[in-house]
Amino acid sequence: MADQEPVSPGWRLLAGIYPFAAGAVAVNLYFASLIGSWIGLPVITPTAAAMAGLVFGWPAAWPFARHFARLMREADG
């Protein structure tokens with residue numbers, strides 16, 4: 001694995017994964033804030049979690065898209 005060059009995912013693959021990553025980030029942020037409320041931290045609103053998911057979804061999608069691109073390259077031979 002260390003001798004392979006890094007795989008750069010295509011924009012279509014990233015665009016396909018982004019909605020799922022943004023949703024996952026939003027849900028995780030919201031539930032993390034609910035758990036944080038047990039120790040006195042404020043709970044963020046679902047809207048704020050969704051907005052943060054839109055922002056942080058792209059960086060979250062990047063490693064998964066790279067992984068999928070590597071798997072597709074492996075499958076092609």
# chains A, B, ... in the order shown; residues from 1 in each chain; ligands from 1
>>> residues_around(residues="Ala26 (chain A)", least_positions_apart="3", cutoff="10 Å", atoms="only C-alpha atoms", output="PyMOL selection string")
chain A and resi 20-23+29-32+46-57
>>> write_last_selection(atoms="C-alpha atoms", output="short mmCIF file (atom, residue, chain, number, x, y, z; two decimals), in the first residue's frame")
data_model
loop_
_atom_site.label_atom_id
_atom_site.label_comp_id
_atom_site.auth_asym_id
_atom_site.auth_seq_id
_atom_site.Cartn_x
_atom_site.Cartn_y
_atom_site.Cartn_z
CA PHE A 20 -24.62 11.27 2.65
CA ALA A 21 -21.54 12.70 4.35
CA ALA A 22 -23.29 16.02 5.03
CA GLY A 23 -26.25 14.21 6.57
CA LEU A 29 -23.05 16.87 15.56
CA TYR A 30 -26.62 17.11 16.82
CA PHE A 31 -26.39 13.91 18.86
CA ALA A 32 -22.96 14.88 20.17
CA PRO A 46 -31.13 20.91 14.27
CA THR A 47 -30.85 23.79 11.79
CA ALA A 48 -27.40 24.71 13.07
CA ALA A 49 -26.37 21.05 12.87
CA ALA A 50 -27.63 20.87 9.27
CA MET A 51 -25.71 24.02 8.33
CA ALA A 52 -22.56 22.63 9.92
CA GLY A 53 -23.16 19.39 8.03
CA LEU A 54 -23.25 21.32 4.77
CA VAL A 55 -19.92 22.94 5.62
CA PHE A 56 -18.10 19.91 7.03
CA GLY A 57 -19.67 17.34 4.71
#
>>> select_by_dssp(residues="chain A", states="helix (DSSP H, G or I)", output="ChimeraX atom specification")
/A:11-39,46-76
>>> residues_around(residues="Ala65 (chain A)", least_positions_apart="4", cutoff="10 Å", atoms="only C-alpha atoms", output="list in words")
Val7, Ser8, Pro9, Gly10, Trp11, Arg12, Leu13, Leu14, Ala15, Gly16, Ile17, Tyr18, Ala60, Ala61, Ala69, Arg70 and Leu71 of chain A
>>> atom_distance(atom1="CA of Ala24 (chain A)", atom2="CA of Trp62 (chain A)")
13.6 Å
